[in-house]
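Student: Okay, handing you the structure first.
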Amino acid sequence: MTDATNNTPKAKTSLLTVSPRVKKRNAQEARFKAYGIAAVATGLVFLVILLSTILYNGVGAFQQTFITVPIYLDEAKLDKNGNRDIEEIKKVSTFGYTPLIQDAIFAAIEEKAPGSEITSAKDTKALISASAAAQIRDVVIANPDMIGKSVEFRILAASRVDGYLKGRVTRDSIARDKNIDAKHLDVVDTLRSKGIVKREFNMAFITGADASESRPEQAGIGVSMLGSLFMMLVVLVLSLPIGVAASIYLEEFAPQNKWTDLIEVNISNLAAVPSIVFGILGLAVFIQFAGLPQSAPLVGGLVLTLMTLPTIIISTRASLKSVPPSIRDAALGLGASKMQSVFHHVLPLAMPGILTGTIIGLAQALGETAPLLLIGMVGYIASNYPSGPISGFMDPNSAMPAQIYEWAKRADPAYYERAWGGIIILLVFLITMNIIAIILRRRFERRW
Amino acid sequence: AAARDNVQVAGSSTVLPYASIVAEAFGENFDFPTPVVESGGSSAGLKRFCEGVGENTIDVANASRKIKDKEIAACAEAGVTDIIEVRIGYDGIVFASQINGPAFNAFEPADWYNALAAEKPVDGAMVANTAATWADANAELPAVEIAAFIPGTKHGTREVFEEKVLLQGCEDTGALAAILEINGGDEKAAEKTCMAVRTDGKSVDIDGDYTETLARIDSNTNGVGVFGLAFYENNTDKLKVATMSGVAPSTETIAAGDYPVSRPLFFYVKKAHIGVIPGLKEYAEFFVSDEIAGTDGPLSAYGLVSDPELAATQAVVANEEAM
Amino acid sequence: MPLLWLVLIVLALAGAGYVLGRQRAMSSAGGDTRHLHSLPVYYGSNVAIFAAMPAFLVLAVWLIAQPLLVDSIVSADIPATAVPEGSTLSLLMSDVRRVADGLDLAISQGTIAADEAKTLRADATDVRALLASVGVALGSDVNETTLSAAQEFRALTGTGSMAMTVVVLALALGGFAYAYSRTNKDFRARNVVERSIRGLLIAAASIAILTTVGIVLSLVFNTVEFFRLYPALDFFFGTTWSPSFGGGSELGVLPLLWGTLYISVIALAVAVPIGLFAAVYLSEYAGAKVRAFAKPLIEVLAGIPTIVYGLFALLTVGPLLVKFFGSGGTFGVDWMSGASSVTTAGLVMGIMLIPFVSSLSDDIINAVPQSMRDGSLGLGATKSETIKQVVLPAALPGIVGAILLAASRAIGETMIVVLGAGAAARLSMNPLEAMTTVTAKIVSQLTGDADFASPEALVAFALGMTLFVMTLGLNVLALYIVRKYREQYE
Amino acid sequence: MYDNPNLERKVAQAESKISARNVQVFYGDTHAIKDVNVEIEARTVTAFIGPSGCGKSTFLRCLNRMNDTIDICRVEGDIELDGENIYDKRVDPVQLRAKVGMVFQKPNPFPKSIYDNIAYGPRIHGLAKNKADLDDIVEKALRRGAIWNEVKDRLHAPGTGLSGGQQQRLCIARAVATEPEVLLMDEPCSALDPIATSQVEELIDELRDQYSVVIVTHSMQQAARVSQKTAFFHLGNLVEYGDTDQIFTNPHDPRTEAYITGRIG
Amino acid sequence: MYDNPNLERKVAQAESKISARNVQVFYGDTHAIKDVNVEIEARTVTAFIGPSGCGKSTFLRCLNRMNDTIDICRVEGDIELDGENIYDKRVDPVQLRAKVGMVFQKPNPFPKSIYDNIAYGPRIHGLAKNKADLDDIVEKALRRGAIWNEVKDRLHAPGTGLSGGQQQRLCIARAVATEPEVLLMDEPCSALDPIATSQVEELIDELRDQYSVVIVTHSMQQAARVSQKTAFFHLGNLVEYGDTDQIFTNPHDPRTEAYITGRIG
Ligand SMILES: Nc1ncnc2c1ncn2[C@@H]1O[C@H](COP(=O)(O)OP(=O)(O)OP(=O)(O)O)[C@@H](O)[C@H]1O
Ligand SMILES: Nc1ncnc2c1ncn2[C@@H]1O[C@H](COP(=O)(O)OP(=O)(O)OP(=O)(O)O)[C@@H](O)[C@H]1O
Ligand SMILES: [Mg+2]
Ligand SMILES: [Mg+2]
Ligand SMILES: O=P([O-])([O-])[O-]
């Protein structure tokens with residue numbers, strides 16, 4: 001061992017003066033770190049841009065314009081025979097109620113805004129929502145004794161009127177609009193100053209059901225939120241345990257051979273299958289073969305489960321793989337069974353990665369529309385609130401993203417605003433879900 | 001399995017707005033549950049319609065075109081034999097540009113043919129379309145770059161656009177005759193050539209919805225797009241509509257047959273489900289009733305061109321006359 | 001007995017089995033767990049599993065099989081002449097089921113007595129009105145055939161349910177007794193319980209396989225049908241995609257594949273560097289607080305509905321790019337004619353994919369043991385050298401997995417493509433031109449207006465199948481690469 | 001030089017606990033253990049010595065089937081524990097490992113609290129009747145692992161935050177807590193200071209009253225101090241096996257002699 | 001008892017390489033190193049001894065600022081290398097660590113090939129002009145790490161597939177390859193067999209010609225064999241520091257004596 005002595009000691013360099021090579025390396029280091037910061041900042045900047053766009057466009061949906069007027073429930077029109085027979089009252093359709101409302105509004109205009117250009121009751125049609133008739137009919141059927149009386153109602157204003165109060169509709173913009181005229185806006189201004197027309201917080205947007213194309217002012221996201229909720233329950237309850245169980249089997253128990261390779265490739269391949277193809281599968285398997293009901297959140301949840309499974313399995317396997325083998329050895333050496341070593345030690349250590357996969361998988365499932373298209377959850381599904389958990393899973397319903405997607409397509413710009421409002425709610429839903437997972441994840445995170 | 005008690009409708013997204021208005025009113029006025037109206041396109045709707053009879057298939061298919069013979073055959077193969085065809089009215093197709101954009105006020109089919117054709121006959125040979133501005137197509141149109149947003153090949157509207165505008169324009173300009181001369185009288189090929197749209201970016205296919213077309217026109221001053229009448233009527237503040245062949249589009253001019261570009265809308269009812277699915281017949285009858293589909297009804301108010309022969313349609317539904 | 005009760009009873013049996021099994025094991029060991037082969041919980045669980053599992057399995061099978069059986073018996077009794085013209089037996093049966101359900105409901109609401117329901121006659125009672133009064137709407141009046149079939153249906157269902165209850169309870173008790181009798185201190189309860197768990201794990205893993213089989217099956221018939229109508233060669237090697245309603249469409253897949261590849265590559269070119277750098281920064285440089293804050297925020301990007309990204313592409317990014325590259329733009333080049341382009345969609349999709357890369361990679365990087373880093377730092381490596389040369393290679397398999405997931409998502413995305421990249425299929429090198437992807441076309445052809453039996457609609461299935469096979473190839477390749485470069489620490 | 005106090009102690013009887021016959025181990029194509037025959041006696045400490053990489057750890061891991069966890073590892077031959085072949089299909093490796101405990105070469109505490117590290121084994125084997133009992137077991141194990149005083153105030157701190165030597169003693173305590181019949185120790189003292197080493201050696205000596213202990217060590221002195229039997233491995237072969245004092249004073253095989261005299265100090 | 005051949009060798013001069021003054025180290029609230037003052041001389045082997053958990057590793061890690069990587073760790077006081085304060089703001093820890101190399105207590109080869117493990121340092125520091133040069137450096141380092149013969153045929157096999165002792169020698173070779181001025185070794189021989197140990201000790205002795213070596217060891221014999229200076233730590237305090245033979249033959253502090261005489265063998 002003489003070669004060491006041939007080594008001439010390196011020239012002494014001061015620690016305080018940084019050598020050129022180290023300078024270069026440090027510059028590299030600084031650049032590398034800067035890239036990191038830039039990357040995080042880029043992500044956050046885009047987040048801010050997207051979120052502010054969403055908020056800017058969507059907050060309007062949380063307010064709505066209402067008209068509060070007394071309406072005379074004319075017996076001659078609602079109960080011709082005057083015997084308060086509920087079946088007969090039901091025969092009067094919503095079309096029969098519309099004139100009553102128009103009369104009431106016209107009366108209010110004549111009283112509060114005398115001299116307006118609105119000269120007939122029919123002309124007030126542009127001011128009120130078509131939903132009003134149904135609203136009043138429901139009340140009357142529930143309380144037939146109201147007939148013949150004058151009752152004060154708070155009814156929705158038409159979407160154009162609402163848009164006028166929100167600044168979306170202007171006097172210029174209605175120039176060629178056949179649905180509303182400047183005279184209507186004049187009246188709205190007056191009635192507003194009199195407190196009859198008011199813009200208020202719109203709870204119905206958060207709790208309500210979808211409305212038809214011609215009544216954006218009535219549409220709410222509540223029912224489809226429940227649809228999403230029931231769907232996500234199915235997804236969570238199925239995909240997390242199944243995904244984790246499948247990963248555990250594949251990563252810890254399955255023999256390593258061509259067969260497991262096939263499964264592995266196959267699972268990553270499933271992640272690349274377009275979501276609409278899962279819809280095709282769902283339609284064939286769950287509806288046509290298994291005979292589950294159409295448009296049901298249960299089916300939606302099953303389809304989304306199949307779609308999210310690969311995401312969860314891939315991230316779970318990756319994090320199971322990263323648990324050091326010595327931990328497994330330690331447990332096995334103590335006489336723990338393989339199963340015990342996995343469930344007691346490996347799984348908790350892999351939990352952060354599993355939860356990340358779950359967050360991302362569920363986020364994807366929560367925002368997915370395409371597969372729902374084929375199993376009948378996209379469209380006009382203004383169902384009522386599910387009457388219980390079973391009907392929540394089985395009755396036709398939509399889901400938030402499908403609802404938003406539909407709204408974004410509709411012609412009336414009022415729906416565009418609602419679409420963004422819906423996105424806000426979807427994000428709140430998502431963030432709530434994430435926070436729970438993140439809190440869990442932080443409890444499991446530990447570097448060793 | 002619990003029996004299904006709601007009417008299940010699927011199909012065309014063009015018909016969806018009207019169907020949703022009807023379904024909503026139906027739910028409000030009848031004791032039956034509100035029908036479920038899915039969107040997903042005429043093809044997908046009819047496909048599910050023809051999947052067979054039974055509760056796990058839909059009852060009604062909306063379509064923005066007539067059902068095809070091949071589809072009827074496929075239906076029959078799956079046991080769906082008695083189909084009631086209901087025409088609910090017409091969809092007007094309008095040509096509109098940005099409200100603040102150049103003055104596109106009047107179009108002729110020939111303008112569109114000249115602007116968008118892929119190849120045009122010039123001196124006995126087909127040459128690629130070189131029109132760069134609308135003025136190149138028609139000197140009276142503004143001299144701005146061509147930026148046309150037309151329905152993508154998935155939309156039935158595209159077929160109508162090709163036949164009623166491009167092909168018509170081809171004929172009007174005499175190009176059809178010239179092409180026939182060049183290709184030796186192959187009519188089919190000639191028509192196909194007439195309807196081929198240039199692919200150099202002057203014409204943009206929209207596979208999305210009218211909202212997408214609107215967004216594109218919003219951000220492109222020179223843009224001209226194809227819309228449904230109802231959509232236009234809800235967005236008159238952003239869009240300016242042009243006349244076609246000198247006629248302004250409106251429910252009246254279309255119903256009268258003056259405005260040239262429109263198409264019928266349909267829904268199809270599975271006769272076998274009538275009497276089994278509660279409310280199915282009532283829904284169909286309600287849909288075509290005067291209250292709803294008449295000229296004063298909410299559908300017309302929303303932009304559907306009421307069918308002048310509505311009474312005949314009502315009779316078809318009432319008598320459950322299969323095709 | 002209502003199903004719920006049955007389930008509850010079995011569960012109760014299982015619960016009791018748990019307690020008793022545990023007790024028996026304990027007492028056989030004289031109260032000292034040390035003499036037991038397994039922990040007492042395993043003995044309990046063993047009895048519980050034997051009591052519940054077979055019973056529930058049979059219950060599940062029964063619940064699926066009984067209606068099929070009853071249906072076939074009842075429909076066999078319906079004379080062919082009773083089926084109205086144009087209708088089918090299956091529709092008649094759904095009416096029968098509805099009436100039977102309605103009768104059940106009527107009985108439970110006390111509208112009619114149970115005996116009355118059995119003897120009801122269609123000509124004597126207005127069954128439709130009766131059922132309407134309990135909230136079951138019927139499409140037409142009930143005739144005698146339907147009603148008697150419904151009564152038979154109820155009778156059979158009742159018998160079936162009775163039998164099911166007996167069988168399930170017997171099984172639960174039998175399983176209970178068997179497992180209980182086997183319980184003693186030398187019984188290998190843990191092994192038995194673990195075998196059941198392992199069975200569950202295998203079942204879970206096979207769901208992934210079944211899904212694949214299902215997807216292939218649901219695509220393959222229509223794909224074959226498509227190739228019968230359209231030559232496969234033209235499909236695979238055609239360079240034009242132009243479907244038309246009148247027939248004579250050209251449906252070449254190449255432009256779509258090219259668009260898919262191009263857009264995905266651009267999206268990954270955005271997402272992978274940003275995501276990886278973000279992951280590295282968050283796991284290696286950032287303090288605990290920054291990380292706790294930034295990571296979840298970035299994850300929100302994955303949850304924003306794609307329609308928002310689509311609109312963002314269409315309304316913000318596209319016009320911005322046109323401002324740069326369009327005619328009369330900042331750079332004075334005329335490379336871009338409309339807002340839609342491969343780059344528009346790619347950029348925006350890349351943003352959406354950032355968290356796929358960053359979050360998953362961050363977890364994997366975090367799992368690399370500290371001693372690896374110490375080893376490198378101790379040699380005088382800078383942090384970035386350590387990360388690049390030691391940490392990232394050690395985390396490679398996981399990172400590749402994350403990138404694959406992002407790529408998969410890019411390939412499967414529709415909304416952003418439709419709004420950001422346009423709908424026109426084109427074979428072009430220019431990244432500022434509009435193109436489209438296979439997935440977008442699957443959706444549009446599937447939801448379009450073409451005749452559903454025509455090649456224009458069926459092509460969606462062929463496209464799905466093609467994409468499936470191609471991504472399979474890509475994944476095989478990725479697996480091979482990971483295997484080759486995999487570096488296992490410890 | 002080998003002042004071994006234990007040698008004087010009577011080895012009760014030469015009852016065999018583990019007997020290995022014709023054991024071969026392969027890692028893929030590598031033949032790591034070649035035809036090893038050895039009898040490990042009950043109530044005896046057996047030391048495995050030999051140069052690094054000679055297969056001591058590998059052979060040790062055969063004795064409680066820890067090699068099962070290495071995919072490419074293949075074991076041939078018979079290994080019997082109390083006359084029963086441990087590679088028999090009917091044998092539950094889990095049960096085997098509860099009887100044959102192991103301390104690994106690299107300390108590998110669980111990323112859990114110190115308490116939970118120790119309590120884990122007793123919990124899964126049901127050794128404690130109640131919480132107090134468990135506390136008791138944990139304390140006793142930590143004491144036997146000669147680490148009680150250092151950690152008694154932070155039983156609920158993570159086991160991974162200990163110094164290297166502390167971690168190793170924690171692992172020893174953890175193995176002892178499950179009360180195995182045979183304890184396999186792979187260089188248990190390599191990270192320990194002399195005092196801790198002597199405590200562990202005392203523990204080993206104490207365990208010998210009831211259990212068999214197999215210890216891999218690089219320290220000739222340690223082998224001489226604690227073991228009654230010594231096995232010398234070389235390149236995968238068991239070169240020599242016999243009474244410790246015989247091996248150290250009068251090795252039969254020249255390789256053994258070379259190794260032992262090649263030592264320093 | 002301490003047959004130390006090196007003691008006779010002349011220690012060239014008592015030039016100080018590293019001097020630590022009033023060093024305090026805290027892990028969060030734990031005060032792990034308490035007011036330590038020590039001069040580490042150039043061309044000298046200094047041994048740190050002391051019971052497990054007394055802070056040897058911690059103090060060692062201060063000397064090349066490896067403690068920077070532990071979030072909760074805080075160092076106070078002055079440590080100078082060649083008269084320059086290594087905790088000075090202007091000092092780049094990277095440059096420092098290139099000068100002050102380190103071998104860790106637990107072997108931690110990179111998950112790379114054996115060759116790449118060794119070549120890693122020379123590559124980042126740009127020590128090799130070309131491939132042949134690098135091959136040379138790798139071979140030399142592996143020879144000095146006394147592992148060349150075992151791995152020369154599988155330089156491109158992964159470093160993690162080696163036995164424990166082989167891994168440790170690989171890590172030593174890796175540290176030597178970057179030619180540090182000071183080499184810190186945290187129990188480098190704890191996983192080694194006697195022959196490998198003696199090879200490493202020879203290496204240490206050889207390194208002393210040019211470098212300073214600081215070695216943490218639990219083996220009194222080893223400390224006596226290889227070091228010229230010894231520091232005895234106890235509960236975070238540096239109890240005694242002096243010439244090795246003085247410490248071992250004539251300790252001033254009763255604690256040192258207790259520790260040394262408490263040893264066995
Ligand atoms: N997992 C493995 N895969 C492949 N070869 C291995 C594996 N583990 C050990 N070996 C090889 O088997 C031989 C014996 O290794 P083993 O770990 O048993 O040595 P050892 O005697 O314990 O050495 P040390 O004293 O250094 O720990 C060595 O050549 C080693 O490289
Ligand atoms: N990362 C850490 N966090 C908290 N405490 C630590 C950490 N590392 C070490 N300690 C504590 O600091 C003290 C000194 O530890 P150190 O590792 O320096 O001991 P040591 O002298 O090297 O012991 P050994 O000889 O066992 O390796 C111990 O009490 C230890 O528990
Ligand atoms: Mg070993
Ligand atoms: Mg230490
Ligand atoms: O959805 P459409 O069929 O009307 O295009």
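A note on labels: chains of the structure tokens are A, B, ... as shown, every chain counts residues from 1, and ligands are counted from 1 in their shown order.
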Produce as a PyMOL selection string the set of residues near ligand 2, where near means within 6 Å with only C-alpha atoms and all ligand atoms considered.

Tutor: (chain D and resi 161-166) or (chain E and resi 27+32+52-58)

Student: Please dump the current selection as a compact mmCIF listing (two decimals), in the first residue's frame; keep C-alpha atoms.

Tutor:
```
# COMPACT_ATOMS: atom_id res chain seq x y z
CA GLY D 161 -34.91 9.14 17.16
CA LEU D 162 -32.45 7.08 19.21
CA SER D 163 -28.73 6.86 18.65
CA GLY D 164 -27.43 3.91 16.66
CA GLY D 165 -26.49 1.90 19.70
CA GLN D 166 -29.71 2.71 21.44
CA TYR E 27 -31.95 18.71 19.40
CA ALA E 32 -26.94 16.82 23.39
CA SER E 52 -23.71 4.86 23.53
CA GLY E 53 -25.85 7.96 23.25
CA CYS E 54 -23.23 10.23 24.78
CA GLY E 55 -23.07 12.43 21.69
CA LYS E 56 -20.10 11.13 19.73
CA SER E 57 -21.95 10.96 16.46
CA THR E 58 -23.58 14.27 17.11
```

Student: So which residues touch stretch 73-79 of chain D within 10 Å, counting only C-alpha atoms, skipping near sequence neighbours fewer than 6 positions away, as an mmCIF file with N, CA and C atoms, in the first residue's frame?

Tutor:
```cif
data_model
loop_
_atom_site.group_PDB
_atom_site.id
_atom_site.type_symbol
_atom_site.label_atom_id
_atom_site.label_comp_id
_atom_site.auth_asym_id
_atom_site.auth_seq_id
_atom_site.Cartn_x
_atom_site.Cartn_y
_atom_site.Cartn_z
ATOM 1 N N ILE D 18 -31.646 -27.280 17.378
ATOM 2 C CA ILE D 18 -31.807 -27.156 15.926
ATOM 3 C C ILE D 18 -30.762 -28.028 15.269
ATOM 4 N N SER D 19 -31.200 -28.819 14.309
ATOM 5 C CA SER D 19 -30.161 -29.513 13.577
ATOM 6 C C SER D 19 -30.339 -29.285 12.090
ATOM 7 N N ALA D 20 -29.252 -28.846 11.477
ATOM 8 C CA ALA D 20 -29.292 -28.532 10.049
ATOM 9 C C ALA D 20 -28.511 -29.607 9.326
ATOM 10 N N ARG D 21 -29.110 -30.132 8.242
ATOM 11 C CA ARG D 21 -28.413 -31.181 7.504
ATOM 12 C C ARG D 21 -28.399 -30.863 6.018
ATOM 13 N N ASN D 22 -27.198 -30.869 5.482
ATOM 14 C CA ASN D 22 -27.004 -30.639 4.041
ATOM 15 C C ASN D 22 -27.706 -29.386 3.544
ATOM 16 N N VAL D 23 -27.559 -28.314 4.282
ATOM 17 C CA VAL D 23 -28.254 -27.093 3.881
ATOM 18 C C VAL D 23 -27.484 -26.394 2.767
ATOM 19 N N GLN D 24 -28.218 -26.047 1.723
ATOM 20 C CA GLN D 24 -27.668 -25.304 0.603
ATOM 21 C C GLN D 24 -28.538 -24.073 0.448
ATOM 22 N N VAL D 25 -27.907 -22.930 0.233
ATOM 23 C CA VAL D 25 -28.709 -21.743 -0.049
ATOM 24 C C VAL D 25 -28.199 -21.107 -1.332
ATOM 25 N N PHE D 26 -29.151 -20.733 -2.173
ATOM 26 C CA PHE D 26 -28.811 -20.059 -3.424
ATOM 27 C C PHE D 26 -29.506 -18.717 -3.471
ATOM 28 N N TYR D 27 -28.746 -17.690 -3.912
ATOM 29 C CA TYR D 27 -29.394 -16.428 -4.303
ATOM 30 C C TYR D 27 -29.379 -16.429 -5.814
ATOM 31 N N GLY D 28 -30.494 -16.769 -6.407
ATOM 32 C CA GLY D 28 -30.486 -16.896 -7.859
ATOM 33 C C GLY D 28 -29.493 -17.984 -8.226
ATOM 34 N N ASP D 29 -28.434 -17.606 -8.916
ATOM 35 C CA ASP D 29 -27.432 -18.594 -9.301
ATOM 36 C C ASP D 29 -26.275 -18.676 -8.316
ATOM 37 N N THR D 30 -26.204 -17.672 -7.431
ATOM 38 C CA THR D 30 -25.092 -17.671 -6.482
ATOM 39 C C THR D 30 -25.324 -18.732 -5.413
ATOM 40 N N HIS D 31 -24.329 -19.535 -5.202
ATOM 41 C CA HIS D 31 -24.425 -20.566 -4.189
ATOM 42 C C HIS D 31 -23.844 -19.989 -2.900
ATOM 43 N N ALA D 32 -24.679 -19.511 -2.020
ATOM 44 C CA ALA D 32 -24.174 -18.751 -0.878
ATOM 45 C C ALA D 32 -23.828 -19.643 0.310
ATOM 46 N N ILE D 33 -24.570 -20.726 0.491
ATOM 47 C CA ILE D 33 -24.270 -21.657 1.590
ATOM 48 C C ILE D 33 -24.138 -23.044 0.980
ATOM 49 N N LYS D 34 -23.039 -23.694 1.301
ATOM 50 C CA LYS D 34 -22.745 -24.955 0.628
ATOM 51 C C LYS D 34 -22.712 -26.110 1.610
ATOM 52 N N ASP D 35 -23.769 -26.878 1.574
ATOM 53 C CA ASP D 35 -23.777 -28.142 2.273
ATOM 54 C C ASP D 35 -23.380 -28.031 3.737
ATOM 55 N N VAL D 36 -24.122 -27.275 4.471
ATOM 56 C CA VAL D 36 -23.770 -27.065 5.878
ATOM 57 C C VAL D 36 -24.521 -28.040 6.768
ATOM 58 N N ASN D 37 -23.805 -28.671 7.680
ATOM 59 C CA ASN D 37 -24.387 -29.560 8.694
ATOM 60 C C ASN D 37 -24.018 -29.021 10.052
ATOM 61 N N VAL D 38 -25.001 -28.832 10.896
ATOM 62 C CA VAL D 38 -24.657 -28.301 12.210
ATOM 63 C C VAL D 38 -25.758 -28.651 13.207
ATOM 64 N N GLU D 39 -25.380 -28.872 14.445
ATOM 65 C CA GLU D 39 -26.364 -29.123 15.510
ATOM 66 C C GLU D 39 -26.268 -27.957 16.486
ATOM 67 N N THR D 58 -26.775 -15.146 6.097
ATOM 68 C CA THR D 58 -27.633 -15.979 5.255
ATOM 69 C C THR D 58 -28.044 -17.250 5.987
ATOM 70 N N PHE D 59 -27.067 -17.910 6.588
ATOM 71 C CA PHE D 59 -27.401 -19.152 7.273
ATOM 72 C C PHE D 59 -28.306 -18.882 8.477
ATOM 73 N N CYS D 62 -31.771 -18.607 7.593
ATOM 74 C CA CYS D 62 -32.435 -19.874 7.283
ATOM 75 C C CYS D 62 -33.123 -20.449 8.506
ATOM 76 N N LEU D 63 -32.553 -20.166 9.660
ATOM 77 C CA LEU D 63 -33.002 -20.867 10.855
ATOM 78 C C LEU D 63 -34.395 -20.437 11.304
ATOM 79 N N ASN D 64 -34.835 -19.254 10.883
ATOM 80 C CA ASN D 64 -36.238 -18.930 11.175
ATOM 81 C C ASN D 64 -36.983 -18.571 9.897
ATOM 82 N N ARG D 65 -36.449 -19.066 8.808
ATOM 83 C CA ARG D 65 -37.102 -18.901 7.503
ATOM 84 C C ARG D 65 -37.319 -17.447 7.124
ATOM 85 N N ASN D 67 -35.430 -16.114 5.195
ATOM 86 C CA ASN D 67 -35.056 -16.097 3.788
ATOM 87 C C ASN D 67 -36.252 -16.245 2.863
ATOM 88 N N ASN D 85 -39.106 -30.711 11.011
ATOM 89 C CA ASN D 85 -38.517 -29.989 9.893
ATOM 90 C C ASN D 85 -39.216 -28.631 9.729
ATOM 91 N N ILE D 86 -38.441 -27.574 9.845
ATOM 92 C CA ILE D 86 -39.100 -26.261 9.767
ATOM 93 C C ILE D 86 -39.464 -25.888 8.348
ATOM 94 N N TYR D 87 -38.938 -26.611 7.373
ATOM 95 C CA TYR D 87 -39.325 -26.301 5.988
ATOM 96 C C TYR D 87 -40.462 -27.202 5.515
ATOM 97 N N ASP D 88 -41.014 -27.957 6.461
ATOM 98 C CA ASP D 88 -42.173 -28.777 6.139
ATOM 99 C C ASP D 88 -43.331 -27.873 5.722
#
```

Student: Would you pick out the contacts of stretch 120-130 of chain B at 7 Å or less, using only C-alpha atoms, so that residues sharing its chain but fewer than 5 positions from it are not included, and give the list as a ChimeraX atom specification?

Tutor: /B:175,178-179,182

Student: What does the structure give for the distance between atom CA of D:Glu179 and atom 26 (O, counted along the ligand's line) of ligand 1, in Å to one decimal?

Tutor: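 Taking atom CA of D:Glu179 as the start and atom 26 (O, counted along the ligand's line) of ligand 1 as the end point, the length is 27.5 Å.
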
Student: Would you give me, as a PyMOL selection string, the residues in stretch 37-265 of chain D that DSSP reads as helix (DSSP H, G or I)?

Tutor: chain D and resi 56-63+66-69+93-99+114-125+131-144+148-154+159-161+164-177+194-207+220-226+244-249+254-261

Student: Residues within 8 Å of ligand 5, counting only C-alpha atoms and all ligand atoms: report them as a list in words.

Tutor: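 Based on only C-alpha atoms and all ligand atoms, ligand 5 is surrounded within 8 Å by Gly11, Ser12, Ser13, Thr14, Val15, Leu16, Ser39, Gly40, Gly41, Ser42, Ser43, Ala63, Ser64, Arg65, Lys154, His155, Gly156 and Thr157 of chain B; Thr447, Gly448 and Asp449 of chain C.
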
Student: Pull C-alpha atoms from the residues just selected and write them as a tab-separated table (two decimals), in the first residue's frame.

Tutor:
```tsv
chain	number	residue	atom	x	y	z
B	11	GLY	CA	-81.37	11.99	-27.18
B	12	SER	CA	-80.73	15.16	-29.08
B	13	SER	CA	-79.27	18.12	-27.28
B	14	THR	CA	-81.10	20.38	-29.69
B	15	VAL	CA	-84.43	19.04	-28.55
B	16	LEU	CA	-83.35	18.94	-24.90
B	39	SER	CA	-78.92	14.65	-23.41
B	40	GLY	CA	-76.21	12.86	-25.30
B	41	GLY	CA	-77.08	13.35	-28.92
B	42	SER	CA	-79.65	12.01	-31.36
B	43	SER	CA	-77.56	9.03	-32.27
B	63	ALA	CA	-83.89	13.52	-32.35
B	64	SER	CA	-82.95	16.51	-34.38
B	65	ARG	CA	-83.36	14.46	-37.54
B	154	LYS	CA	-70.92	15.38	-35.22
B	155	HIS	CA	-73.81	17.81	-35.42
B	156	GLY	CA	-76.87	17.21	-37.52
B	157	THR	CA	-76.90	20.94	-38.15
C	447	THR	CA	-72.79	11.81	-28.87
C	448	GLY	CA	-73.26	13.03	-32.41
C	449	ASP	CA	-76.16	12.83	-34.79
```

Student: List the spatial neighbours of A:Phe66 as a VMD selection string - criterion: any atom at most 8 Å away, only C-alpha atoms, same-chain residues fewer than 6 positions off excluded.

Tutor: chain A and resid 154 to 157 197 to 200

Student: Starting from chain B, keep only residues with some atom at most 8 Å from an atom of chain C, counting only C-alpha atoms, and report them as a ChimeraX atom specification.

Tutor: /B:1-3,5,12,32,40-44,46-47,53-55,64-65,67-68,70-71,74,81-82,152-156,159,201-202,204-208,212,215-216,219,271-280
